[in-house]
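A.B. asks: This structure is in structure tokens; I'll ask about it shortly.
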Amino acid sequence: MELQELLSKALAGETLAIARLISLVERRDPTAHEVMKHIYPHVGNAYYVGITGPPGAGKSTLVDRLTRTFCAEGFSVGIVAIDPSSPFSGGALLGDRIRMNVKKKPGWDIFFRSMSAGKTVGGLAETTREATRILDACGKQIIIIETVGVGQSELDIVSATDTVLVVLVPESGDSVQIMKAGLMEIADVFAVNKSDRSGADSMAESIANMLERRTTFRKSEWTPSVFMTAAMRNWGIEELYRGILSHREFLLKEDRLKKRRKTQIRAELLRLIEKELTRITWEHMSRNNNLDQLVEQIWARKKDPESAAREIAVQVERQLDLSQS
Amino acid sequence: MTRPIKVVMAKLGLDIHWRGVYLVSQFLRDAGMDVVYIGNKFPEQIVEAVMQEDADVVGMSTLGGNHHSLGLKTVRLLKEGGLDNVKVFMGGVIPPKHVPALLEGGVNRVFLPDTPMQTIIDVVNGSVSV
């Protein structure tokens, strides 16, 4: 299929075309940049929900249950679920889709895509943002990103979504674990899943106590809500769904959503500039091939590492100046 | 840059046997592929998964005798959905005399219980031009 045809079919909502577009971007096909250029003007109509938490907390099952609710309320849903890649083989076992057991009713529109995380460490795959933007542009109204099972510090989901749901279980730790920085700070909504197990009440209480103690939240005026769920039993799904929507309503007031998204755009832009500069630097390095030479000089104590690095930076800078004029 | 070969692995229909499909899935993972394991699924759901995931390969495990009915239905639905490019493999306990009919019906290869794992990996690797 020609790219133009693929784009127009995808924008019209055709599943196969959408899937192929995502693959082009995923593969860093030469046309990927072109794809995103065409997609971008259509982006911005969807609401982005991030779901994160430790492995086995029930994220995928919650995605399944929330998707049913979103669909029943008339929304179309696009989901990207990420699982880890092996640092040894590069392969991955993508096992989120197996939890999707929605019995589709007429008119329900769901697109689910699994992605392997590759070499990234932030909980998302390198092209997750692009994939969700394609889904957004192609008419999905709710975008759900499910991260890999995270620990305490894989927090990229914050920069890719509007509402972050952190899923924990009764066994996620004691009240000191809950006080730790990182994951516990990025939640807009908490779910204590598997709450049919013992310890769920005290887990929810620990979270609530932690939230009360926090001063940083007062400035942002939103106190995350805590919900008890048991996704397998369909407990608490409606409440959780309404919790996500009330955070959305909060963001829609006083331009908060706009601010949040602009902050994300700024961070992304900086990240991409950094990436471009790294690429330019590497191109320069490989052309001049003086890395080995520098290593020798540093080894012989003729140069310190920082000076050597600056030397390269100055060379790159000069080259940029030259290409300007 | 490319992405790893993407394989959708399913247990066909209501087939309860899991050991074989787990084993193959894990070996393909260790061979560097992205394996989307979708568990028990019927042809319509398998095709939906293959389409949305834009998979290169679909593997169906069957030990329950539905290889002809559901297996070939999956192949037919893949073709109808414009997914002719997807390679289709089946494995499990399938009477050898049924294999020709499956191949005739569009299955690319059938792996019977005595197939060495390396053969499966090689065939899957060789079936996809990356």
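Following the order of the structure tokens, first chain is A, next is B, and so on, with residues numbered from 1 inside each chain and ligands from 1 in the order they appear.
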Contacts of segment 185-201 of chain A at 8 Å or less, counting only C-alpha atoms, minus same-chain residues fewer than 2 places along, as a ChimeraX atom specification?
C.D. replies: /A:57-58,155,158,163-171,181-183,203-205,222-232,240,243-244,247
A.B. asks: Please produce a file of those selected residues containing N, CA and C atoms, as an mmCIF file, in the first residue's frame.
C.D. replies:
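Below is the file that was written, part_38.cif:
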data_model
loop_
_atom_site.group_PDB
_atom_site.id
_atom_site.type_symbol
_atom_site.label_atom_id
_atom_site.label_comp_id
_atom_site.auth_asym_id
_atom_site.auth_seq_id
_atom_site.Cartn_x
_atom_site.Cartn_y
_atom_site.Cartn_z
ATOM 1 N N ALA A 57 0.405 -7.092 39.483
ATOM 2 C CA ALA A 57 -0.548 -6.369 40.338
ATOM 3 C C ALA A 57 -1.964 -6.443 39.774
ATOM 4 N N GLY A 58 -2.058 -6.819 38.500
ATOM 5 C CA GLY A 58 -3.379 -6.898 37.879
ATOM 6 C C GLY A 58 -3.650 -5.758 36.917
ATOM 7 N N LEU A 155 9.335 5.961 35.516
ATOM 8 C CA LEU A 155 8.226 6.904 35.638
ATOM 9 C C LEU A 155 7.868 7.622 34.340
ATOM 10 N N VAL A 158 4.352 9.295 33.247
ATOM 11 C CA VAL A 158 3.870 10.630 33.627
ATOM 12 C C VAL A 158 3.950 11.591 32.446
ATOM 13 N N THR A 163 -3.840 11.176 32.959
ATOM 14 C CA THR A 163 -4.147 10.642 34.283
ATOM 15 C C THR A 163 -3.304 9.385 34.493
ATOM 16 N N VAL A 164 -2.589 9.339 35.604
ATOM 17 C CA VAL A 164 -1.794 8.149 35.910
ATOM 18 C C VAL A 164 -2.466 7.356 37.026
ATOM 19 N N LEU A 165 -2.747 6.097 36.724
ATOM 20 C CA LEU A 165 -3.302 5.188 37.719
ATOM 21 C C LEU A 165 -2.186 4.257 38.186
ATOM 22 N N VAL A 166 -1.902 4.289 39.475
ATOM 23 C CA VAL A 166 -0.908 3.372 40.029
ATOM 24 C C VAL A 166 -1.642 2.217 40.696
ATOM 25 N N VAL A 167 -1.333 1.012 40.234
ATOM 26 C CA VAL A 167 -2.007 -0.184 40.746
ATOM 27 C C VAL A 167 -1.084 -0.890 41.733
ATOM 28 N N LEU A 168 -1.582 -1.079 42.952
ATOM 29 C CA LEU A 168 -0.826 -1.812 43.966
ATOM 30 C C LEU A 168 -1.666 -2.986 44.435
ATOM 31 N N VAL A 169 -1.075 -3.818 45.268
ATOM 32 C CA VAL A 169 -1.811 -4.944 45.851
ATOM 33 C C VAL A 169 -1.625 -4.893 47.366
ATOM 34 N N PRO A 170 -2.428 -5.642 48.120
ATOM 35 C CA PRO A 170 -2.275 -5.594 49.583
ATOM 36 C C PRO A 170 -0.849 -5.914 50.036
ATOM 37 N N GLU A 171 -0.128 -6.702 49.226
ATOM 38 C CA GLU A 171 1.225 -7.117 49.623
ATOM 39 C C GLU A 171 2.312 -6.169 49.135
ATOM 40 N N ALA A 181 9.823 7.761 47.701
ATOM 41 C CA ALA A 181 9.652 8.638 46.542
ATOM 42 C C ALA A 181 9.535 7.807 45.274
ATOM 43 N N GLY A 182 9.191 8.461 44.182
ATOM 44 C CA GLY A 182 9.110 7.778 42.896
ATOM 45 C C GLY A 182 7.694 7.416 42.541
ATOM 46 N N LEU A 183 7.490 6.122 42.350
ATOM 47 C CA LEU A 183 6.197 5.624 41.878
ATOM 48 C C LEU A 183 5.012 6.207 42.657
ATOM 49 N N MET A 203 -3.477 -1.324 53.550
ATOM 50 C CA MET A 203 -2.744 -0.750 52.423
ATOM 51 C C MET A 203 -3.399 0.558 51.980
ATOM 52 N N ALA A 204 -4.719 0.544 51.819
ATOM 53 C CA ALA A 204 -5.435 1.754 51.397
ATOM 54 C C ALA A 204 -5.253 2.865 52.430
ATOM 55 N N GLU A 205 -5.257 2.470 53.698
ATOM 56 C CA GLU A 205 -5.106 3.461 54.770
ATOM 57 C C GLU A 205 -3.694 4.069 54.749
ATOM 58 N N TRP A 222 -4.768 18.803 43.783
ATOM 59 C CA TRP A 222 -5.440 17.520 43.539
ATOM 60 C C TRP A 222 -4.903 16.500 44.522
ATOM 61 N N THR A 223 -5.780 15.953 45.303
ATOM 62 C CA THR A 223 -5.358 14.858 46.159
ATOM 63 C C THR A 223 -5.773 13.562 45.481
ATOM 64 N N PRO A 224 -4.803 12.719 45.182
ATOM 65 C CA PRO A 224 -5.144 11.466 44.510
ATOM 66 C C PRO A 224 -6.171 10.675 45.306
ATOM 67 N N SER A 225 -7.042 10.039 44.577
ATOM 68 C CA SER A 225 -8.041 9.224 45.257
ATOM 69 C C SER A 225 -7.566 7.772 45.287
ATOM 70 N N VAL A 226 -8.024 7.052 46.286
ATOM 71 C CA VAL A 226 -7.613 5.657 46.468
ATOM 72 C C VAL A 226 -8.834 4.758 46.340
ATOM 73 N N PHE A 227 -8.745 3.759 45.463
ATOM 74 C CA PHE A 227 -9.873 2.855 45.267
ATOM 75 C C PHE A 227 -9.461 1.418 45.566
ATOM 76 N N MET A 228 -10.383 0.686 46.123
ATOM 77 C CA MET A 228 -10.156 -0.745 46.349
ATOM 78 C C MET A 228 -10.839 -1.492 45.208
ATOM 79 N N THR A 229 -10.044 -2.309 44.526
ATOM 80 C CA THR A 229 -10.616 -3.075 43.416
ATOM 81 C C THR A 229 -10.237 -4.549 43.538
ATOM 82 N N ALA A 230 -11.018 -5.368 42.889
ATOM 83 C CA ALA A 230 -10.630 -6.768 42.666
ATOM 84 C C ALA A 230 -11.093 -7.055 41.239
ATOM 85 N N ALA A 231 -10.184 -6.809 40.308
ATOM 86 C CA ALA A 231 -10.564 -6.802 38.886
ATOM 87 C C ALA A 231 -11.181 -8.125 38.453
ATOM 88 N N MET A 232 -10.601 -9.239 38.927
ATOM 89 C CA MET A 232 -11.118 -10.542 38.536
ATOM 90 C C MET A 232 -12.573 -10.729 38.961
ATOM 91 N N LEU A 240 -13.666 3.152 40.271
ATOM 92 C CA LEU A 240 -12.356 3.509 39.719
ATOM 93 C C LEU A 240 -12.518 4.321 38.436
ATOM 94 N N GLY A 243 -13.458 7.667 39.264
ATOM 95 C CA GLY A 243 -12.292 8.349 39.823
ATOM 96 C C GLY A 243 -11.383 8.914 38.740
ATOM 97 N N ILE A 244 -11.203 8.134 37.687
ATOM 98 C CA ILE A 244 -10.377 8.590 36.560
ATOM 99 C C ILE A 244 -11.050 9.790 35.891
ATOM 100 N N HIS A 247 -10.672 13.003 37.851
ATOM 101 C CA HIS A 247 -9.368 13.656 37.645
ATOM 102 C C HIS A 247 -9.362 14.391 36.302
#
A.B. asks: Quick check: residues of chain A within 9 Å of chain B, only C-alpha atoms, returned as a ChimeraX atom specification.
C.D. replies: /A:15-16,18-20,22-23,26-29,85-86,88-100,111-116
A.B. asks: Generate a file of the selected residues that holds C-alpha atoms, formatted as a PDB file, in the first residue's frame.
C.D. replies:
ATOM      1  CA  THR A  15      -7.786  -1.424  11.730  1.00  0.00           C
ATOM      2  CA  LEU A  16      -5.255  -2.996   9.367  1.00  0.00           C
ATOM      3  CA  ILE A  18      -3.633   1.646  11.742  1.00  0.00           C
ATOM      4  CA  ALA A  19      -1.688  -1.494  12.680  1.00  0.00           C
ATOM      5  CA  ARG A  20       0.654  -1.101   9.703  1.00  0.00           C
ATOM      6  CA  ILE A  22       2.302   1.707  14.002  1.00  0.00           C
ATOM      7  CA  SER A  23       4.694  -0.918  12.621  1.00  0.00           C
ATOM      8  CA  GLU A  26       8.064   0.872  15.445  1.00  0.00           C
ATOM      9  CA  ARG A  27      10.572  -0.312  12.831  1.00  0.00           C
ATOM     10  CA  ARG A  28      11.944   3.231  12.362  1.00  0.00           C
ATOM     11  CA  ASP A  29      11.131   2.772   8.728  1.00  0.00           C
ATOM     12  CA  SER A  85      12.516  -7.315  26.361  1.00  0.00           C
ATOM     13  CA  SER A  86      15.287  -9.696  27.256  1.00  0.00           C
ATOM     14  CA  PHE A  88      20.165 -11.319  26.576  1.00  0.00           C
ATOM     15  CA  SER A  89      18.220 -12.421  23.517  1.00  0.00           C
ATOM     16  CA  GLY A  90      16.328  -9.222  22.686  1.00  0.00           C
ATOM     17  CA  GLY A  91      13.133 -11.264  22.609  1.00  0.00           C
ATOM     18  CA  ALA A  92      10.004 -10.669  24.648  1.00  0.00           C
ATOM     19  CA  LEU A  93       6.967 -12.511  25.902  1.00  0.00           C
ATOM     20  CA  LEU A  94       4.067 -10.111  25.472  1.00  0.00           C
ATOM     21  CA  GLY A  95       1.400 -11.388  27.804  1.00  0.00           C
ATOM     22  CA  ASP A  96      -0.979  -8.488  28.361  1.00  0.00           C
ATOM     23  CA  ARG A  97      -3.349  -9.259  25.554  1.00  0.00           C
ATOM     24  CA  ILE A  98      -4.348 -12.566  27.127  1.00  0.00           C
ATOM     25  CA  ARG A  99      -6.206 -10.631  29.848  1.00  0.00           C
ATOM     26  CA  MET A 100      -8.353  -8.905  27.266  1.00  0.00           C
ATOM     27  CA  PHE A 111      -7.661  -1.463  19.309  1.00  0.00           C
ATOM     28  CA  PHE A 112      -5.072  -3.287  21.401  1.00  0.00           C
ATOM     29  CA  ARG A 113      -1.387  -3.301  20.606  1.00  0.00           C
ATOM     30  CA  SER A 114       1.413  -5.040  22.501  1.00  0.00           C
ATOM     31  CA  MET A 115       4.905  -3.585  22.413  1.00  0.00           C
ATOM     32  CA  SER A 116       8.215  -4.835  23.712  1.00  0.00           C
TER      33      SER A 116
END
A.B. asks: List every residue of segment 185-286 of chain A that DSSP, applied to the backbone, labels as alpha helix (DSSP H), and write the result as number ranges by chain.
C.D. replies: A: 200-213, 216-220, 237-252, 256-286
A.B. asks: So how far away is atom CA of Ser129 of chain B from atom CA of Val107 of chain B, in Å?
C.D. replies: 17.9 Å
A.B. asks: Write out as number ranges by chain the residues lying within 8 Å of Val128 of chain B, counting only C-alpha atoms and excluding same-chain residues fewer than 3 positions away.
C.D. replies: B: 5, 56-57, 87, 124-125
A.B. asks: Could you save those same residues with C-alpha atoms as a PDB file, in the first residue's frame?
C.D. replies:
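And here's part-v3.pdb as it stands now:
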ATOM      1  CA  ILE B   5       9.932 -10.975  14.385  1.00  0.00           C
ATOM      2  CA  ASP B  56       4.543 -11.632  10.979  1.00  0.00           C
ATOM      3  CA  VAL B  57       3.671 -15.108  12.157  1.00  0.00           C
ATOM      4  CA  LYS B  87       2.886 -17.068   7.987  1.00  0.00           C
ATOM      5  CA  VAL B 124      10.005 -19.386  11.781  1.00  0.00           C
ATOM      6  CA  ASN B 125      13.166 -17.329  11.306  1.00  0.00           C
TER       7      ASN B 125
END
A.B. asks: Report as a list in words all protein, DNA and RNA residues lying within 12 Å of segment 252-257 of chain A, evaluated on only C-alpha atoms, omitting residues in the same chain fewer than 6 positions from it.
C.D. replies: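 The neighbour list is Gly44, Tyr47, Tyr48, Thr161, Asp162, Thr163, Ser220, Glu221, Trp222, Leu245, Ser246, Thr263 and Gln264 of chain A.
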